[in-house]
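Next comes model-v9.cif, a file with mmCIF, C-alpha atoms.
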data_my_file
#
loop_
_atom_site.group_PDB
_atom_site.id
_atom_site.type_symbol
_atom_site.label_atom_id
_atom_site.label_comp_id
_atom_site.auth_asym_id
_atom_site.auth_seq_id
_atom_site.Cartn_x
_atom_site.Cartn_y
_atom_site.Cartn_z
ATOM 1 C CA MET A 1 19.845 73.131 36.169
ATOM 2 C CA ASN A 2 19.236 73.810 32.481
ATOM 3 C CA GLY A 3 20.763 76.898 30.891
ATOM 4 C CA GLU A 4 17.273 77.965 29.789
ATOM 5 C CA GLN A 5 16.530 78.969 33.395
ATOM 6 C CA ASP A 6 16.934 82.622 34.318
ATOM 7 C CA ILE A 7 19.437 84.190 36.700
ATOM 8 C CA ALA A 8 16.838 84.663 39.443
ATOM 9 C CA THR A 9 16.051 80.930 39.429
ATOM 10 C CA LEU A 10 19.751 80.119 39.646
ATOM 11 C CA GLU A 11 20.170 82.510 42.572
ATOM 12 C CA ARG A 12 17.310 80.832 44.455
ATOM 13 C CA ALA A 13 18.779 77.403 43.795
ATOM 14 C CA LEU A 14 22.286 78.423 44.881
ATOM 15 C CA ALA A 15 20.896 79.709 48.164
ATOM 16 C CA LEU A 16 19.870 76.137 48.946
ATOM 17 C CA ARG A 17 22.422 73.823 47.365
ATOM 18 C CA PRO A 18 25.371 73.657 44.941
ATOM 19 C CA VAL A 19 24.124 73.565 41.338
ATOM 20 C CA LEU A 20 25.270 71.607 38.282
ATOM 21 C CA LEU A 21 24.559 73.267 34.921
ATOM 22 C CA HIS A 22 23.327 71.211 31.960
ATOM 23 C CA ASP A 23 22.928 72.562 28.380
ATOM 24 C CA VAL A 24 23.603 76.093 27.206
ATOM 25 C CA SER A 25 20.083 76.453 25.805
ATOM 26 C CA ASN A 26 17.491 74.441 23.905
ATOM 27 C CA HIS A 27 18.704 76.086 20.699
ATOM 28 C CA VAL A 28 22.393 75.144 20.957
ATOM 29 C CA TRP A 29 23.190 71.800 19.331
ATOM 30 C CA LEU A 30 26.742 70.673 18.665
ATOM 31 C CA ASN A 31 25.806 69.355 15.221
ATOM 32 C CA TYR A 32 24.700 72.815 14.033
ATOM 33 C CA GLN A 33 26.971 74.673 11.662
ATOM 34 C CA ASP A 34 27.322 77.724 13.915
ATOM 35 C CA PRO A 35 25.505 77.200 17.246
ATOM 36 C CA PHE A 36 27.244 79.637 19.597
ATOM 37 C CA ASP A 37 25.704 83.119 19.345
ATOM 38 C CA GLU A 38 27.155 85.891 21.498
ATOM 39 C CA ALA A 39 24.073 86.618 23.634
ATOM 40 C CA THR A 40 23.512 82.960 24.537
ATOM 41 C CA MET A 41 27.127 82.338 25.427
ATOM 42 C CA SER A 42 27.328 85.547 27.471
ATOM 43 C CA GLN A 43 24.375 84.353 29.543
ATOM 44 C CA ALA A 44 25.964 80.924 29.901
ATOM 45 C CA ARG A 45 29.225 82.461 31.115
ATOM 46 C CA ARG A 46 27.395 84.528 33.706
ATOM 47 C CA MET A 47 25.628 81.422 35.042
ATOM 48 C CA LEU A 48 28.862 79.432 35.124
ATOM 49 C CA ASP A 49 30.616 82.202 37.028
ATOM 50 C CA MET A 50 27.793 82.257 39.577
ATOM 51 C CA ALA A 51 27.440 78.501 40.055
ATOM 52 C CA ARG A 52 31.126 77.533 39.742
ATOM 53 C CA PRO A 53 30.270 73.878 39.016
ATOM 54 C CA PRO A 54 32.996 71.207 38.843
ATOM 55 C CA TRP A 55 32.022 70.525 35.210
ATOM 56 C CA PHE A 56 29.494 71.492 32.546
ATOM 57 C CA SER A 57 27.384 68.960 30.637
ATOM 58 C CA THR A 58 25.413 68.980 27.412
ATOM 59 C CA GLY A 59 24.151 66.529 24.801
ATOM 60 C CA ILE A 60 26.513 64.929 22.304
ATOM 61 C CA GLY A 61 24.667 66.554 19.407
ATOM 62 C CA ALA A 62 21.999 65.490 16.972
ATOM 63 C CA SER A 63 21.594 64.797 13.267
ATOM 64 C CA ALA A 64 19.309 67.522 11.920
ATOM 65 C CA GLU A 65 19.426 71.295 11.608
ATOM 66 C CA PRO A 66 17.113 72.664 12.797
ATOM 67 C CA GLN A 67 15.754 70.325 15.453
ATOM 68 C CA GLY A 68 12.010 70.343 16.028
ATOM 69 C CA HIS A 69 9.405 68.920 18.367
ATOM 70 C CA THR A 70 7.336 65.879 17.511
ATOM 71 C CA THR A 71 4.711 63.885 19.394
ATOM 72 C CA PRO A 72 5.158 61.537 21.186
ATOM 73 C CA TYR A 73 8.938 61.301 20.695
ATOM 74 C CA TRP A 74 9.844 64.884 21.713
ATOM 75 C CA ARG A 75 12.555 65.487 19.101
ATOM 76 C CA GLY A 76 12.249 65.181 15.357
ATOM 77 C CA ALA A 77 12.842 66.890 12.042
ATOM 78 C CA PRO A 78 11.707 66.568 8.426
ATOM 79 C CA ALA A 79 13.871 64.517 6.100
ATOM 80 C CA SER A 80 15.026 67.724 4.405
ATOM 81 C CA ALA A 81 16.705 68.832 7.656
ATOM 82 C CA LEU A 82 18.627 65.566 8.173
ATOM 83 C CA GLN A 83 22.364 66.185 7.889
ATOM 84 C CA PRO A 84 24.659 63.746 6.092
ATOM 85 C CA ARG A 85 26.605 61.639 8.566
ATOM 86 C CA GLU A 86 29.937 63.269 7.760
ATOM 87 C CA VAL A 87 28.503 66.781 8.240
ATOM 88 C CA ALA A 88 26.836 66.017 11.573
ATOM 89 C CA LEU A 89 29.894 64.290 13.043
ATOM 90 C CA ALA A 90 32.388 66.885 11.783
ATOM 91 C CA ASN A 91 30.287 69.688 13.291
ATOM 92 C CA ILE A 92 30.019 67.835 16.614
ATOM 93 C CA VAL A 93 33.785 67.349 16.849
ATOM 94 C CA ARG A 94 34.577 70.959 15.883
ATOM 95 C CA ASN A 95 31.971 72.506 18.167
ATOM 96 C CA GLY A 96 32.668 70.101 21.014
ATOM 97 C CA LYS A 97 36.348 71.037 20.992
ATOM 98 C CA TRP A 98 35.487 74.748 20.873
ATOM 99 C CA LEU A 99 33.082 74.431 23.799
ATOM 100 C CA LYS A 100 35.607 72.422 25.811
ATOM 101 C CA ASP A 101 38.233 75.153 25.340
ATOM 102 C CA TRP A 102 35.757 77.985 26.001
ATOM 103 C CA LEU A 103 34.532 76.496 29.277
ATOM 104 C CA GLY A 104 37.819 76.389 31.138
ATOM 105 C CA MET A 105 36.447 73.392 33.069
ATOM 106 C CA PRO A 106 35.728 69.721 32.277
ATOM 107 C CA LEU A 107 33.048 69.019 29.657
ATOM 108 C CA LEU A 108 30.719 66.018 29.942
ATOM 109 C CA LEU A 109 28.766 64.920 26.862
ATOM 110 C CA GLU A 110 25.499 63.020 27.235
ATOM 111 C CA ASN A 111 24.223 60.071 25.204
ATOM 112 C CA PHE A 112 20.806 60.490 23.586
ATOM 113 C CA ASN A 113 17.728 58.289 23.068
ATOM 114 C CA TYR A 114 17.128 56.987 19.547
ATOM 115 C CA HIS A 115 13.822 57.344 17.716
ATOM 116 C CA PRO A 116 13.338 57.066 13.927
ATOM 117 C CA THR A 117 12.452 60.764 13.607
ATOM 118 C CA ASN A 118 15.672 62.113 12.000
ATOM 119 C CA ALA A 119 16.607 63.640 15.360
ATOM 120 C CA TYR A 120 19.344 61.335 16.616
ATOM 121 C CA GLU A 121 20.644 59.375 13.654
ATOM 122 C CA TYR A 122 24.282 58.219 13.781
ATOM 123 C CA ILE A 123 25.058 59.572 17.261
ATOM 124 C CA CYS A 124 23.161 56.847 19.164
ATOM 125 C CA GLU A 125 25.378 54.171 17.624
ATOM 126 C CA PRO A 126 27.647 53.173 20.539
ATOM 127 C CA ASP A 127 30.823 53.021 18.463
ATOM 128 C CA THR A 128 30.106 56.452 16.939
ATOM 129 C CA PHE A 129 29.378 57.981 20.346
ATOM 130 C CA SER A 130 32.601 56.481 21.721
ATOM 131 C CA ARG A 131 34.623 57.845 18.791
ATOM 132 C CA LEU A 132 33.183 61.331 19.249
ATOM 133 C CA ILE A 133 34.067 61.313 22.949
ATOM 134 C CA GLN A 134 37.602 60.243 22.084
ATOM 135 C CA GLU A 135 38.070 62.864 19.349
ATOM 136 C CA ILE A 136 36.660 65.721 21.430
ATOM 137 C CA GLY A 137 38.554 64.632 24.534
ATOM 138 C CA SER A 138 35.574 64.977 26.871
ATOM 139 C CA ASP A 139 34.163 62.812 29.622
ATOM 140 C CA VAL A 140 30.665 61.299 29.707
ATOM 141 C CA LEU A 141 27.317 62.030 31.281
ATOM 142 C CA LEU A 142 25.606 58.653 31.007
ATOM 143 C CA ASP A 143 21.811 58.807 30.805
ATOM 144 C CA LEU A 144 20.694 55.287 31.679
ATOM 145 C CA ALA A 145 17.143 55.783 30.430
ATOM 146 C CA HIS A 146 18.475 57.101 27.105
ATOM 147 C CA ALA A 147 20.709 54.028 26.810
ATOM 148 C CA GLN A 148 17.822 51.647 27.497
ATOM 149 C CA ILE A 149 15.613 53.463 24.989
ATOM 150 C CA SER A 150 18.282 53.444 22.274
ATOM 151 C CA ALA A 151 19.042 49.766 22.848
ATOM 152 C CA PHE A 152 15.362 48.798 22.567
ATOM 153 C CA ASN A 153 14.489 51.078 19.652
ATOM 154 C CA MET A 154 17.624 50.108 17.685
ATOM 155 C CA GLY A 155 17.014 46.389 18.178
ATOM 156 C CA TRP A 156 19.852 45.499 20.530
ATOM 157 C CA GLN A 157 19.568 42.235 22.438
ATOM 158 C CA ASN A 158 19.477 44.010 25.801
ATOM 159 C CA PRO A 159 20.642 47.310 27.334
ATOM 160 C CA ARG A 160 23.760 45.778 28.859
ATOM 161 C CA ALA A 161 25.034 44.691 25.449
ATOM 162 C CA TYR A 162 24.515 48.284 24.272
ATOM 163 C CA LEU A 163 26.127 49.816 27.358
ATOM 164 C CA GLU A 164 29.200 47.579 27.072
ATOM 165 C CA ARG A 165 30.054 49.389 23.824
ATOM 166 C CA LEU A 166 29.982 52.840 25.459
ATOM 167 C CA PRO A 167 33.082 54.390 27.123
ATOM 168 C CA LEU A 168 31.984 53.592 30.680
ATOM 169 C CA GLU A 169 35.485 54.280 31.964
ATOM 170 C CA ARG A 170 34.886 57.980 31.143
ATOM 171 C CA VAL A 171 31.528 58.329 32.915
ATOM 172 C CA VAL A 172 31.573 61.006 35.643
ATOM 173 C CA GLU A 173 27.833 61.668 36.097
ATOM 174 C CA ILE A 174 24.769 59.450 35.667
ATOM 175 C CA HIS A 175 21.165 60.484 34.969
ATOM 176 C CA ILE A 176 18.612 57.884 35.980
ATOM 177 C CA ASN A 177 14.852 57.534 35.558
ATOM 178 C CA HIS A 178 12.531 54.745 34.435
ATOM 179 C CA PRO A 179 11.764 54.662 30.682
ATOM 180 C CA HIS A 180 8.237 54.003 29.448
ATOM 181 C CA ASN A 181 7.551 51.026 27.170
ATOM 182 C CA ASP A 182 4.880 51.956 24.634
ATOM 183 C CA ASN A 183 3.250 48.519 24.321
ATOM 184 C CA GLY A 184 6.437 47.047 22.858
ATOM 185 C CA LYS A 185 6.492 49.466 19.917
ATOM 186 C CA GLN A 186 9.010 51.964 21.249
ATOM 187 C CA MET A 187 10.527 52.997 24.523
ATOM 188 C CA LEU A 188 9.943 56.632 25.491
ATOM 189 C CA ASP A 189 11.706 58.985 27.884
ATOM 190 C CA ARG A 190 8.840 59.939 30.219
ATOM 191 C CA HIS A 191 11.096 60.541 33.273
ATOM 192 C CA LEU A 192 9.203 58.104 35.494
ATOM 193 C CA PRO A 193 10.359 57.269 39.052
ATOM 194 C CA ILE A 194 12.932 54.480 39.216
ATOM 195 C CA GLY A 195 12.326 50.951 40.481
ATOM 196 C CA GLU A 196 14.299 47.837 41.343
ATOM 197 C CA SER A 197 15.147 47.005 37.706
ATOM 198 C CA ASP A 198 16.740 50.433 37.253
ATOM 199 C CA ILE A 199 18.813 49.961 40.400
ATOM 200 C CA GLU A 200 20.083 46.605 39.165
ATOM 201 C CA LEU A 201 21.216 48.219 35.925
ATOM 202 C CA LEU A 202 22.792 51.097 37.863
ATOM 203 C CA ARG A 203 24.644 48.614 40.056
ATOM 204 C CA TRP A 204 25.955 46.829 36.949
ATOM 205 C CA VAL A 205 27.156 50.124 35.437
ATOM 206 C CA LEU A 206 28.867 51.308 38.617
ATOM 207 C CA GLU A 207 30.924 48.111 38.666
ATOM 208 C CA ARG A 208 32.281 49.156 35.254
ATOM 209 C CA ALA A 209 32.443 52.944 35.669
ATOM 210 C CA PRO A 210 35.035 53.706 38.374
ATOM 211 C CA ARG A 211 35.024 57.508 37.954
ATOM 212 C CA VAL A 212 31.344 58.250 38.731
ATOM 213 C CA GLN A 213 30.936 61.173 41.148
ATOM 214 C CA VAL A 214 27.247 62.149 40.808
ATOM 215 C CA ILE A 215 23.982 60.255 40.335
ATOM 216 C CA ASN A 216 21.171 62.557 39.253
ATOM 217 C CA LEU A 217 17.543 61.475 39.787
ATOM 218 C CA GLU A 218 15.643 62.696 36.720
ATOM 219 C CA SER A 219 12.073 61.675 37.484
ATOM 220 C CA HIS A 220 9.620 64.453 36.657
ATOM 221 C CA GLU A 221 7.737 65.919 39.622
ATOM 222 C CA PRO A 222 7.620 62.742 41.761
ATOM 223 C CA SER A 223 5.450 62.739 44.853
ATOM 224 C CA GLU A 224 7.213 63.012 48.198
ATOM 225 C CA GLN A 225 6.668 59.285 48.733
ATOM 226 C CA GLU A 226 8.050 58.411 45.285
ATOM 227 C CA LEU A 227 11.106 60.607 45.782
ATOM 228 C CA SER A 228 11.807 59.079 49.193
ATOM 229 C CA GLU A 229 11.653 55.615 47.638
ATOM 230 C CA GLU A 230 13.992 56.645 44.818
ATOM 231 C CA VAL A 231 16.533 57.959 47.315
ATOM 232 C CA ARG A 232 16.247 54.745 49.339
ATOM 233 C CA LEU A 233 16.887 52.639 46.232
ATOM 234 C CA VAL A 234 19.910 54.652 45.102
ATOM 235 C CA ARG A 235 21.451 54.474 48.573
ATOM 236 C CA GLN A 236 21.512 50.696 48.205
ATOM 237 C CA VAL A 237 24.294 50.971 45.651
ATOM 238 C CA LEU A 238 26.279 53.879 47.112
#

Would you write the structure of this file as structure tokens?
Amino acid sequence: MNGEQDIATLERALALRPVLLHDVSNHVWLNYQDPFDEATMSQARRMLDMARPPWFSTGIGASAEPQGHTTPYWRGAPASALQPREVALANIVRNGKWLKDWLGMPLLLENFNYHPTNAYEYICEPDTFSRLIQEIGSDVLLDLAHAQISAFNMGWQNPRAYLERLPLERVVEIHINHPHNDNGKQMLDRHLPIGESDIELLRWVLERAPRVQVINLESHEPSEQELSEEVRLVRQVL
């Protein structure tokens, strides 16, 4: 569940199942100079105390302040908002360490999907992502669709070559959906239901990520038939 949801929604969800919390809010980015306002963090603490999840997850950070919305790539910013590399990475390390201490529970940081929109410069480079994880001392939420999108849009030979450079030994949770290929121009994160190719990549990752505890299906509003098929596919590798 995203931290943007209200307390009533969390209460309804907790009445049915345990809940994992992801992101403090859509306005909190680890690359911002001062992202943690009192009201937002107070709400986040209340939700954490209610849900009592085994960990909290959020994105690794971005490369612009402020972030905006662009079509069709979701995140973007004007060139004037792009942070220098050293500023973005220093902010991410400082804020990531603060958040990790504030939580009082394990922190997982998620890899993002690269597009040339000033949104995710620097941080989608596998070596940079790995260094940030090491410096912050967090574990990893691996988004497989994000990894495939970044690999394609950054010109990597294939997603496995990209994934091999990420700290797979620190992956605790995996998000999985099928990315959309925009006629070979870009890959996009449309949260489509997974298929056999996604399961093969998941199988390959699980052989290299011994600490995985949760696999999170991230397809957007699948039909009952599509969801049943996704569950069937994932069970093949569990």

Need to verify the contact set: Gln5 in chain A, 12 Å, only C-alpha atoms, exclusion of same-chain residues closer than 6 positions in sequence. Can you return it as a PDB file with C-alpha atoms, in the frame of the given file?
ATOM      1  CA  GLU A  11      20.170  82.510  42.572  1.00  0.00           C
ATOM      2  CA  ARG A  12      17.310  80.832  44.455  1.00  0.00           C
ATOM      3  CA  ALA A  13      18.779  77.403  43.795  1.00  0.00           C
ATOM      4  CA  LEU A  21      24.559  73.267  34.921  1.00  0.00           C
ATOM      5  CA  HIS A  22      23.327  71.211  31.960  1.00  0.00           C
ATOM      6  CA  ASP A  23      22.928  72.562  28.380  1.00  0.00           C
ATOM      7  CA  VAL A  24      23.603  76.093  27.206  1.00  0.00           C
ATOM      8  CA  SER A  25      20.083  76.453  25.805  1.00  0.00           C
ATOM      9  CA  ASN A  26      17.491  74.441  23.905  1.00  0.00           C
ATOM     10  CA  THR A  40      23.512  82.960  24.537  1.00  0.00           C
ATOM     11  CA  GLN A  43      24.375  84.353  29.543  1.00  0.00           C
ATOM     12  CA  ALA A  44      25.964  80.924  29.901  1.00  0.00           C
ATOM     13  CA  MET A  47      25.628  81.422  35.042  1.00  0.00           C
TER      14      MET A  47
END

| Quick one: residues within 12 Å of Pro35 in chain A, only C-alpha atoms counted, chain neighbours fewer than 2 positions away excluded, as a list of chain:residue names? | A:Val24, A:Ser25, A:Asn26, A:His27, A:Val28, A:Trp29, A:Leu30, A:Asn31, A:Tyr32, A:Gln33, A:Asp37, A:Glu38, A:Ala39, A:Thr40, A:Met41, A:Gly61, A:Glu65, A:Pro66, A:Asn91, A:Ile92, A:Arg94, A:Asn95, A:Gly96, A:Trp98, A:Leu99

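Our summary of the geometry notes that CA of Ser219 in chain A is positioned 5.0 Å from CA of Pro193 in chain A.
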
| Between A:Trp102, A:Gly195, A:Asp127, A:Ala88, which is the closest to Ser42 in chain A once you count all atoms listed in the file? | A:Trp102

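Taking only C-alpha atoms, the non-local environment of Phe152 in chain A within 9 Å (same-chain residues fewer than 4 positions away omitted) comprises Tyr114, Ala147, Gln148, Trp156, Gln157, Asn158, Pro159, Gln186 and Met187 of chain A.
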
| field | Shell around Val172 in chain A at 8 Å using only C-alpha atoms, local window under 6 positions removed, as a ChimeraX atom specification | value | /A:108,139-142,211-214

What's around Val234 in chain A at 9 Å? Count all atoms listed in the file, leave out sequence neighbours fewer than 2 positions away in its own chain, and write the answer as an mmCIF file with C-alpha atoms, keeping the file's coordinate frame.
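Output (around24.cif):
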data_model
loop_
_atom_site.group_PDB
_atom_site.id
_atom_site.type_symbol
_atom_site.label_atom_id
_atom_site.label_comp_id
_atom_site.auth_asym_id
_atom_site.auth_seq_id
_atom_site.Cartn_x
_atom_site.Cartn_y
_atom_site.Cartn_z
ATOM 1 C CA ILE A 199 18.813 49.961 40.400
ATOM 2 C CA LEU A 202 22.792 51.097 37.863
ATOM 3 C CA ILE A 215 23.982 60.255 40.335
ATOM 4 C CA LEU A 217 17.543 61.475 39.787
ATOM 5 C CA GLU A 229 11.653 55.615 47.638
ATOM 6 C CA GLU A 230 13.992 56.645 44.818
ATOM 7 C CA VAL A 231 16.533 57.959 47.315
ATOM 8 C CA ARG A 232 16.247 54.745 49.339
ATOM 9 C CA GLN A 236 21.512 50.696 48.205
ATOM 10 C CA VAL A 237 24.294 50.971 45.651
ATOM 11 C CA LEU A 238 26.279 53.879 47.112
#

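From CA of Gln83 in chain A back to CA of Glu121 in chain A, the distance works out to 9.1 Å.
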